[in-house]
file data-v4.pdb (PDB, C-alpha atoms and all ligand atoms)
MODEL        1
ATOM      1  CA  MET A 795     -70.865 117.250 -50.446  1.00  0.00           C
ATOM      2  CA  ARG A 796     -69.316 115.022 -47.907  1.00  0.00           C
ATOM      3  CA  VAL A 797     -71.403 113.250 -45.313  1.00  0.00           C
ATOM      4  CA  ARG A 798     -69.825 113.640 -41.958  1.00  0.00           C
ATOM      5  CA  THR A 799     -70.337 111.337 -39.085  1.00  0.00           C
ATOM      6  CA  ASP A 800     -71.424 113.499 -36.254  1.00  0.00           C
ATOM      7  CA  ILE A 801     -69.760 113.274 -32.837  1.00  0.00           C
ATOM      8  CA  ASN A 802     -73.163 113.077 -31.185  1.00  0.00           C
ATOM      9  CA  PHE A 803     -74.074 110.131 -33.368  1.00  0.00           C
ATOM     10  CA  ILE A 804     -70.885 108.347 -32.340  1.00  0.00           C
ATOM     11  CA  LYS A 805     -71.496 109.185 -28.710  1.00  0.00           C
ATOM     12  CA  SER A 806     -74.975 107.719 -28.656  1.00  0.00           C
ATOM     13  CA  TYR A 807     -73.890 104.748 -30.756  1.00  0.00           C
ATOM     14  CA  CYS A 808     -71.190 103.929 -28.173  1.00  0.00           C
ATOM     15  CA  GLU A 809     -73.567 104.535 -25.301  1.00  0.00           C
ATOM     16  CA  ASP A 810     -75.937 101.959 -26.741  1.00  0.00           C
ATOM     17  CA  TYR A 811     -73.199  99.440 -26.032  1.00  0.00           C
ATOM     18  CA  GLY A 812     -72.449 100.854 -22.592  1.00  0.00           C
ATOM     19  CA  TYR A 813     -69.316 102.657 -23.751  1.00  0.00           C
ATOM     20  CA  GLU A 814     -68.563 106.240 -22.862  1.00  0.00           C
ATOM     21  CA  LEU A 815     -66.939 108.464 -25.464  1.00  0.00           C
ATOM     22  CA  ILE A 816     -64.100 110.518 -23.985  1.00  0.00           C
ATOM     23  CA  THR A 817     -62.962 112.202 -27.199  1.00  0.00           C
ATOM     24  CA  THR A 818     -64.871 115.413 -27.716  1.00  0.00           C
ATOM     25  CA  GLU A 819     -63.885 116.193 -31.280  1.00  0.00           C
ATOM     26  CA  TYR A 820     -64.411 113.955 -34.264  1.00  0.00           C
ATOM     27  CA  LYS A 821     -62.144 114.737 -37.175  1.00  0.00           C
ATOM     28  CA  ASN A 822     -62.101 111.779 -39.533  1.00  0.00           C
ATOM     29  CA  GLN A 823     -62.621 108.053 -39.892  1.00  0.00           C
ATOM     30  CA  LYS A 824     -59.013 107.262 -39.238  1.00  0.00           C
ATOM     31  CA  GLN A 825     -59.023 109.069 -35.944  1.00  0.00           C
ATOM     32  CA  LYS A 826     -58.729 106.934 -32.866  1.00  0.00           C
ATOM     33  CA  LEU A 827     -61.442 107.640 -30.366  1.00  0.00           C
ATOM     34  CA  GLU A 828     -60.913 107.403 -26.645  1.00  0.00           C
ATOM     35  CA  LEU A 829     -63.568 105.228 -25.083  1.00  0.00           C
ATOM     36  CA  ARG A 830     -64.318 104.061 -21.590  1.00  0.00           C
ATOM     37  CA  CYS A 831     -65.732 100.560 -21.491  1.00  0.00           C
ATOM     38  CA  PRO A 832     -68.545  99.494 -19.114  1.00  0.00           C
ATOM     39  CA  LYS A 833     -65.854  98.343 -16.684  1.00  0.00           C
ATOM     40  CA  SER A 834     -64.027 101.693 -16.804  1.00  0.00           C
ATOM     41  CA  HIS A 835     -61.047 100.627 -18.898  1.00  0.00           C
ATOM     42  CA  LEU A 836     -59.794 103.260 -21.266  1.00  0.00           C
ATOM     43  CA  TYR A 837     -58.928 102.247 -24.780  1.00  0.00           C
ATOM     44  CA  SER A 838     -58.817 103.756 -28.196  1.00  0.00           C
ATOM     45  CA  VAL A 839     -60.361 102.522 -31.407  1.00  0.00           C
ATOM     46  CA  THR A 840     -61.489 104.016 -34.691  1.00  0.00           C
ATOM     47  CA  PHE A 841     -65.233 104.360 -35.097  1.00  0.00           C
ATOM     48  CA  ASN A 842     -65.194 101.966 -38.050  1.00  0.00           C
ATOM     49  CA  ASN A 843     -63.530  99.279 -35.982  1.00  0.00           C
ATOM     50  CA  PHE A 844     -65.937  99.880 -33.132  1.00  0.00           C
ATOM     51  CA  LYS A 845     -68.842  99.401 -35.529  1.00  0.00           C
ATOM     52  CA  ARG A 846     -67.218  96.211 -36.727  1.00  0.00           C
ATOM     53  CA  GLY A 847     -67.207  94.951 -33.175  1.00  0.00           C
ATOM     54  CA  ASP A 848     -63.817  95.888 -31.758  1.00  0.00           C
ATOM     55  CA  ARG A 849     -64.483  96.220 -28.060  1.00  0.00           C
ATOM     56  CA  CYS A 850     -62.399  96.984 -25.006  1.00  0.00           C
ATOM     57  CA  THR A 851     -59.042  95.260 -25.391  1.00  0.00           C
ATOM     58  CA  THR A 852     -58.715  94.653 -21.656  1.00  0.00           C
ATOM     59  CA  CYS A 853     -62.141  93.017 -21.330  1.00  0.00           C
ATOM     60  CA  SER A 854     -61.694  90.939 -24.442  1.00  0.00           C
ATOM     61  CA  GLY A 855     -58.274  89.866 -23.161  1.00  0.00           C
ATOM     62  CA  LYS A 856     -56.714  90.729 -26.498  1.00  0.00           C
ATOM     63  CA  GLY A 857     -54.535  93.622 -25.529  1.00  0.00           C
ATOM     64  CA  SER A 858     -52.530  94.379 -22.471  1.00  0.00           C
ATOM     65  CA  GLY A 859     -54.652  97.276 -21.293  1.00  0.00           C
ATOM     66  CA  PHE A 860     -51.392  98.947 -20.353  1.00  0.00           C
ATOM     67  CA  THR A 861     -48.352  99.895 -22.297  1.00  0.00           C
ATOM     68  CA  LYS A 862     -44.888  99.027 -21.064  1.00  0.00           C
ATOM     69  CA  LEU A 863     -44.515 102.651 -20.025  1.00  0.00           C
ATOM     70  CA  ASP A 864     -47.681 102.496 -17.902  1.00  0.00           C
ATOM     71  CA  VAL A 865     -46.328  99.428 -16.175  1.00  0.00           C
ATOM     72  CA  GLN A 866     -42.912 100.978 -15.597  1.00  0.00           C
ATOM     73  CA  GLU A 867     -44.536 104.068 -14.163  1.00  0.00           C
ATOM     74  CA  TRP A 868     -46.831 102.031 -11.983  1.00  0.00           C
ATOM     75  CA  PHE A 869     -43.807 100.332 -10.421  1.00  0.00           C
ATOM     76  CA  SER A 870     -41.664 103.451 -10.136  1.00  0.00           C
ATOM     77  CA  ASP A 871     -44.566 105.326  -8.488  1.00  0.00           C
ATOM     78  CA  ARG A 872     -44.299 102.686  -5.782  1.00  0.00           C
ATOM     79  CA  LYS A 873     -40.479 102.894  -5.656  1.00  0.00           C
ATOM     80  CA  CYS A 874     -40.163  99.474  -7.247  1.00  0.00           C
ATOM     81  CA  GLU A 875     -38.250  98.605 -10.363  1.00  0.00           C
ATOM     82  CA  LEU A 876     -39.470  96.580 -13.310  1.00  0.00           C
ATOM     83  CA  VAL A 877     -36.813  94.043 -14.330  1.00  0.00           C
ATOM     84  CA  THR A 878     -38.665  92.313 -17.174  1.00  0.00           C
ATOM     85  CA  LYS A 879     -37.589  93.902 -20.434  1.00  0.00           C
ATOM     86  CA  GLU A 880     -40.540  93.027 -22.631  1.00  0.00           C
ATOM     87  CA  TYR A 881     -44.000  93.731 -21.344  1.00  0.00           C
ATOM     88  CA  MET A 882     -46.545  91.856 -23.424  1.00  0.00           C
ATOM     89  CA  HIS A 883     -49.786  91.404 -21.554  1.00  0.00           C
ATOM     90  CA  GLN A 884     -51.196  91.705 -18.075  1.00  0.00           C
ATOM     91  CA  LYS A 885     -51.210  87.964 -17.426  1.00  0.00           C
ATOM     92  CA  GLN A 886     -47.471  87.769 -18.021  1.00  0.00           C
ATOM     93  CA  LEU A 887     -45.334  86.948 -14.990  1.00  0.00           C
ATOM     94  CA  LEU A 888     -43.163  90.009 -14.414  1.00  0.00           C
ATOM     95  CA  ASP A 889     -39.855  90.213 -12.602  1.00  0.00           C
ATOM     96  CA  TYR A 890     -39.450  93.288 -10.495  1.00  0.00           C
ATOM     97  CA  LEU A 891     -37.640  94.542  -7.438  1.00  0.00           C
ATOM     98  CA  CYS A 892     -39.513  95.530  -4.327  1.00  0.00           C
ATOM     99  CA  LYS A 893     -38.656  98.983  -2.928  1.00  0.00           C
ATOM    100  CA  CYS A 894     -36.233  97.216  -0.545  1.00  0.00           C
ATOM    101  CA  GLY A 895     -34.532  95.421  -3.460  1.00  0.00           C
ATOM    102  CA  THR A 896     -36.073  91.986  -2.951  1.00  0.00           C
ATOM    103  CA  PRO A 897     -36.685  90.253  -6.308  1.00  0.00           C
ATOM    104  CA  MET A 898     -40.388  89.618  -6.810  1.00  0.00           C
ATOM    105  CA  LYS A 899     -42.624  88.003  -9.410  1.00  0.00           C
ATOM    106  CA  ASN A 900     -46.212  88.797 -10.145  1.00  0.00           C
ATOM    107  CA  THR A 901     -48.579  89.551 -12.978  1.00  0.00           C
ATOM    108  CA  MET A 902     -49.966  93.006 -13.631  1.00  0.00           C
ATOM    109  CA  GLN A 903     -53.452  91.578 -13.503  1.00  0.00           C
ATOM    110  CA  ARG A 904     -52.984  90.211 -10.000  1.00  0.00           C
ATOM    111  CA  LEU A 905     -51.204  93.340  -8.807  1.00  0.00           C
ATOM    112  CA  ARG A 906     -53.898  95.649 -10.095  1.00  0.00           C
ATOM    113  CA  ASN A 907     -56.884  93.590  -9.071  1.00  0.00           C
ATOM    114  CA  PHE A 908     -55.928  91.902  -5.854  1.00  0.00           C
ATOM    115  CA  SER A 909     -53.108  93.828  -4.183  1.00  0.00           C
ATOM    116  CA  LYS A 910     -52.973  97.434  -3.227  1.00  0.00           C
ATOM    117  CA  ASP A 911     -49.180  97.453  -3.509  1.00  0.00           C
ATOM    118  CA  PRO A 912     -46.462  95.277  -5.037  1.00  0.00           C
ATOM    119  CA  TYR A 913     -44.275  95.030  -1.934  1.00  0.00           C
ATOM    120  CA  CYS A 914     -42.734  91.987  -0.302  1.00  0.00           C
ATOM    121  CA  LEU A 915     -44.080  90.619   2.941  1.00  0.00           C
ATOM    122  CA  LYS A 916     -41.299  92.225   4.966  1.00  0.00           C
ATOM    123  CA  CYS A 917     -42.055  95.703   3.604  1.00  0.00           C
ATOM    124  CA  ARG A 918     -45.764  95.275   4.116  1.00  0.00           C
ATOM    125  CA  ARG A 919     -45.219  94.326   7.736  1.00  0.00           C
ATOM    126  CA  SER A 920     -42.921  97.272   8.436  1.00  0.00           C
ATOM    127  CA  ASP A 921     -45.286  99.659   6.616  1.00  0.00           C
ATOM    128  CA  ALA A 922     -48.076  98.483   8.858  1.00  0.00           C
ATOM    129  CA  LYS A 923     -45.857  99.009  11.902  1.00  0.00           C
ATOM    130  CA  ASN A 924     -44.915 102.552  10.827  1.00  0.00           C
ATOM    131  CA  GLN A 925     -48.546 103.343  10.237  1.00  0.00           C
ATOM    132  CA  ARG A 926     -49.429 102.218  13.740  1.00  0.00           C
ATOM    133  CA  ARG A 927     -46.569 104.300  15.191  1.00  0.00           C
ATOM    134  CA  ASP A 928     -47.735 107.385  13.271  1.00  0.00           C
ATOM    135  CA  ASP A 929     -51.232 106.871  14.560  1.00  0.00           C
ATOM    136  CA  ALA A 930     -49.920 106.529  18.101  1.00  0.00           C
ATOM    137  CA  ASN A 931     -47.814 109.706  17.762  1.00  0.00           C
ATOM    138  CA  GLU A 932     -50.770 111.610  16.462  1.00  0.00           C
ATOM    139  CA  LEU A 933     -52.868 110.403  19.330  1.00  0.00           C
ATOM    140  CA  LEU A 934     -50.186 111.472  21.825  1.00  0.00           C
ATOM    141  CA  SER A 935     -49.883 114.933  20.283  1.00  0.00           C
ATOM    142  CA  LYS A 936     -53.613 115.331  20.648  1.00  0.00           C
ATOM    143  CA  ILE A 937     -53.484 114.349  24.267  1.00  0.00           C
ATOM    144  CA  TRP A 938     -50.592 116.610  25.192  1.00  0.00           C
ATOM    145  CA  PHE A 939     -51.226 119.743  23.160  1.00  0.00           C
TER
HETATM  146 ZN    ZN B1001     -62.926  96.868 -20.391  1.00  0.00          ZN
HETATM  147 ZN    ZN B1002     -39.627  94.740   0.247  1.00  0.00          ZN
ENDMDL
END
call {"tool": "encode", "arguments": {"input": "data-v4.pdb", "output": "structure tokens", "more": "lines below"}}
Ligand SMILES: [Zn+2]
Ligand SMILES: [Zn+2]
result
Amino acid sequence: MRVRTDINFIKSYCEDYGYELITTEYKNQKQKLELRCPKSHLYSVTFNNFKRGDRCTTCSGKGSGFTKLDVQEWFSDRKCELVTKEYMHQKQLLDYLCKCGTPMKNTMQRLRNFSKDPYCLKCRRSDAKNQRRDDANELLSKIWF
């Protein structure tokens, strides 16, 4: 008879460390479990490695926290283009193009933590202007109709 590690055991084990188990089905020891760390980063780890002390890769600064694809998507969602070919970690200085085509440099860490968008100063200013104009138009339409 095989002793199985129960999903509920894993769940409470992770919770003892402040980690939330996202995976709902435990199949075997080699399976990677999806966990959410106390700071809400998602990462995956096998239960054995977790027991050995492998914690959130983003918090420990070991891993990138994102894959290259995540980073590419993050930029393309904002109409920017990632120029850097090799994404290694979130403290790496990345080359990218702003949505207007201006070459920019920044790290993923700074972009994610301190800026709400990756745009150049010019774009930010004109976005703010458009926003004000939209607000004004909306106000006018309320007055007149
Ligand atoms: Zn974390
Ligand atoms: Zn721009």
call {"tool": "closest_residue", "arguments": {"input": "data-v4.pdb", "among": "A:Val865, A:Leu827, A:Cys917, A:Cys808", "to": "ligand ZN 1002 (chain B)", "atoms": "all atoms listed in the file"}}
result
A:Cys917
call {"tool": "resolve_selection", "arguments": {"input": "data-v4.pdb", "expression": "the PyMOL selection byres (((not hetatm)) within 12 of (chain B and resi 1002))", "output": "PDB file with C-alpha atoms, in the frame of the given file"}}
result
ATOM      1  CA  ARG A 872     -44.299 102.686  -5.782  1.00  0.00           C
ATOM      2  CA  LYS A 873     -40.479 102.894  -5.656  1.00  0.00           C
ATOM      3  CA  CYS A 874     -40.163  99.474  -7.247  1.00  0.00           C
ATOM      4  CA  GLU A 875     -38.250  98.605 -10.363  1.00  0.00           C
ATOM      5  CA  TYR A 890     -39.450  93.288 -10.495  1.00  0.00           C
ATOM      6  CA  LEU A 891     -37.640  94.542  -7.438  1.00  0.00           C
ATOM      7  CA  CYS A 892     -39.513  95.530  -4.327  1.00  0.00           C
ATOM      8  CA  LYS A 893     -38.656  98.983  -2.928  1.00  0.00           C
ATOM      9  CA  CYS A 894     -36.233  97.216  -0.545  1.00  0.00           C
ATOM     10  CA  GLY A 895     -34.532  95.421  -3.460  1.00  0.00           C
ATOM     11  CA  THR A 896     -36.073  91.986  -2.951  1.00  0.00           C
ATOM     12  CA  PRO A 897     -36.685  90.253  -6.308  1.00  0.00           C
ATOM     13  CA  MET A 898     -40.388  89.618  -6.810  1.00  0.00           C
ATOM     14  CA  ASP A 911     -49.180  97.453  -3.509  1.00  0.00           C
ATOM     15  CA  PRO A 912     -46.462  95.277  -5.037  1.00  0.00           C
ATOM     16  CA  TYR A 913     -44.275  95.030  -1.934  1.00  0.00           C
ATOM     17  CA  CYS A 914     -42.734  91.987  -0.302  1.00  0.00           C
ATOM     18  CA  LEU A 915     -44.080  90.619   2.941  1.00  0.00           C
ATOM     19  CA  LYS A 916     -41.299  92.225   4.966  1.00  0.00           C
ATOM     20  CA  CYS A 917     -42.055  95.703   3.604  1.00  0.00           C
ATOM     21  CA  ARG A 918     -45.764  95.275   4.116  1.00  0.00           C
ATOM     22  CA  ARG A 919     -45.219  94.326   7.736  1.00  0.00           C
ATOM     23  CA  SER A 920     -42.921  97.272   8.436  1.00  0.00           C
ATOM     24  CA  ASP A 921     -45.286  99.659   6.616  1.00  0.00           C
TER      25      ASP A 921
END
call {"tool": "resolve_selection", "arguments": {"input": "data-v4.pdb", "expression": "the PyMOL selection byres (((chain A and resi 830) around 10) and not hetatm)", "output": "list in words"}}
result
Cys808, Glu809, Gly812, Tyr813, Glu814, Leu815, Ile816, Thr817, Leu827, Glu828, Leu829, Cys831, Pro832, Lys833, Ser834, His835, Leu836, Tyr837, Ser838 and Cys850 of chain A
call {"tool": "closest_residue", "arguments": {"input": "data-v4.pdb", "among": "A:Asp810, A:Arg849, A:Ser935, A:Phe803", "to": "ligand ZN 1001 (chain B)", "atoms": "only C-alpha atoms and all ligand atoms"}}
result
A:Arg849
call {"tool": "atom_distance", "arguments": {"input": "data-v4.pdb", "atom1": "atom CA of His883 of chain A", "atom2": "atom CA of Phe860 of chain A"}}
result
7.8 Å
call {"tool": "atom_distance", "arguments": {"input": "data-v4.pdb", "atom1": "atom ZN of ligand ZN 1001 (chain B)", "atom2": "atom CA of Asp889 of chain A"}}
result
25.2 Å
call {"tool": "closest_residue", "arguments": {"input": "data-v4.pdb", "among": "A:Glu819, A:Asp848, A:Asp871, A:Asp928", "to": "ligand ZN 1001 (chain B)", "atoms": "only C-alpha atoms and all ligand atoms"}}
result
A:Asp848
call {"tool": "closest_residue", "arguments": {"input": "data-v4.pdb", "among": "A:Asp929, A:Lys923, A:Gln884, A:Ser806", "to": "Asn907 of chain A", "atoms": "all atoms listed in the file"}}
result
A:Gln884
call {"tool": "resolve_selection", "arguments": {"input": "data-v4.pdb", "expression": "the PyMOL selection byres (((chain A and resi 825) around 12) and not hetatm)", "output": "PDB file with C-alpha atoms, in the frame of the given file"}}
result
ATOM      1  CA  THR A 799     -70.337 111.337 -39.085  1.00  0.00           C
ATOM      2  CA  ILE A 801     -69.760 113.274 -32.837  1.00  0.00           C
ATOM      3  CA  THR A 817     -62.962 112.202 -27.199  1.00  0.00           C
ATOM      4  CA  THR A 818     -64.871 115.413 -27.716  1.00  0.00           C
ATOM      5  CA  GLU A 819     -63.885 116.193 -31.280  1.00  0.00           C
ATOM      6  CA  TYR A 820     -64.411 113.955 -34.264  1.00  0.00           C
ATOM      7  CA  LYS A 821     -62.144 114.737 -37.175  1.00  0.00           C
ATOM      8  CA  ASN A 822     -62.101 111.779 -39.533  1.00  0.00           C
ATOM      9  CA  GLN A 823     -62.621 108.053 -39.892  1.00  0.00           C
ATOM     10  CA  LYS A 824     -59.013 107.262 -39.238  1.00  0.00           C
ATOM     11  CA  LYS A 826     -58.729 106.934 -32.866  1.00  0.00           C
ATOM     12  CA  LEU A 827     -61.442 107.640 -30.366  1.00  0.00           C
ATOM     13  CA  GLU A 828     -60.913 107.403 -26.645  1.00  0.00           C
ATOM     14  CA  SER A 838     -58.817 103.756 -28.196  1.00  0.00           C
ATOM     15  CA  VAL A 839     -60.361 102.522 -31.407  1.00  0.00           C
ATOM     16  CA  THR A 840     -61.489 104.016 -34.691  1.00  0.00           C
ATOM     17  CA  PHE A 841     -65.233 104.360 -35.097  1.00  0.00           C
ATOM     18  CA  ASN A 842     -65.194 101.966 -38.050  1.00  0.00           C
ATOM     19  CA  ASN A 843     -63.530  99.279 -35.982  1.00  0.00           C
ATOM     20  CA  PHE A 844     -65.937  99.880 -33.132  1.00  0.00           C
TER      21      PHE A 844
END
call {"tool": "closest_residue", "arguments": {"input": "data-v4.pdb", "among": "A:Gln886, A:Asn931, A:Ser854, A:Gln925", "to": "Met902 of chain A", "atoms": "all atoms listed in the file"}}
result
A:Gln886
call {"tool": "atom_distance", "arguments": {"input": "data-v4.pdb", "atom1": "atom CA of Ser909 of chain A", "atom2": "atom CA of Glu932 of chain A"}}
result
27.3 Å
call {"tool": "axis_aligned_box", "arguments": {"input": "data-v4.pdb", "around": "segment 845-852 of chain A", "padding_each_side": "3 Å", "output": "lines of an AutoDock Vina configuration file"}}
result
center_x = -63.8
center_y = 97.0
center_z = -29.2
size_x = 16.1
size_y = 10.7
size_z = 21.1
call {"tool": "closest_residue", "arguments": {"input": "data-v4.pdb", "among": "A:Ala930, A:Asn802, A:Tyr811, A:Cys853", "to": "ligand ZN 1001 (chain B)", "atoms": "only C-alpha atoms and all ligand atoms"}}
result
A:Cys853
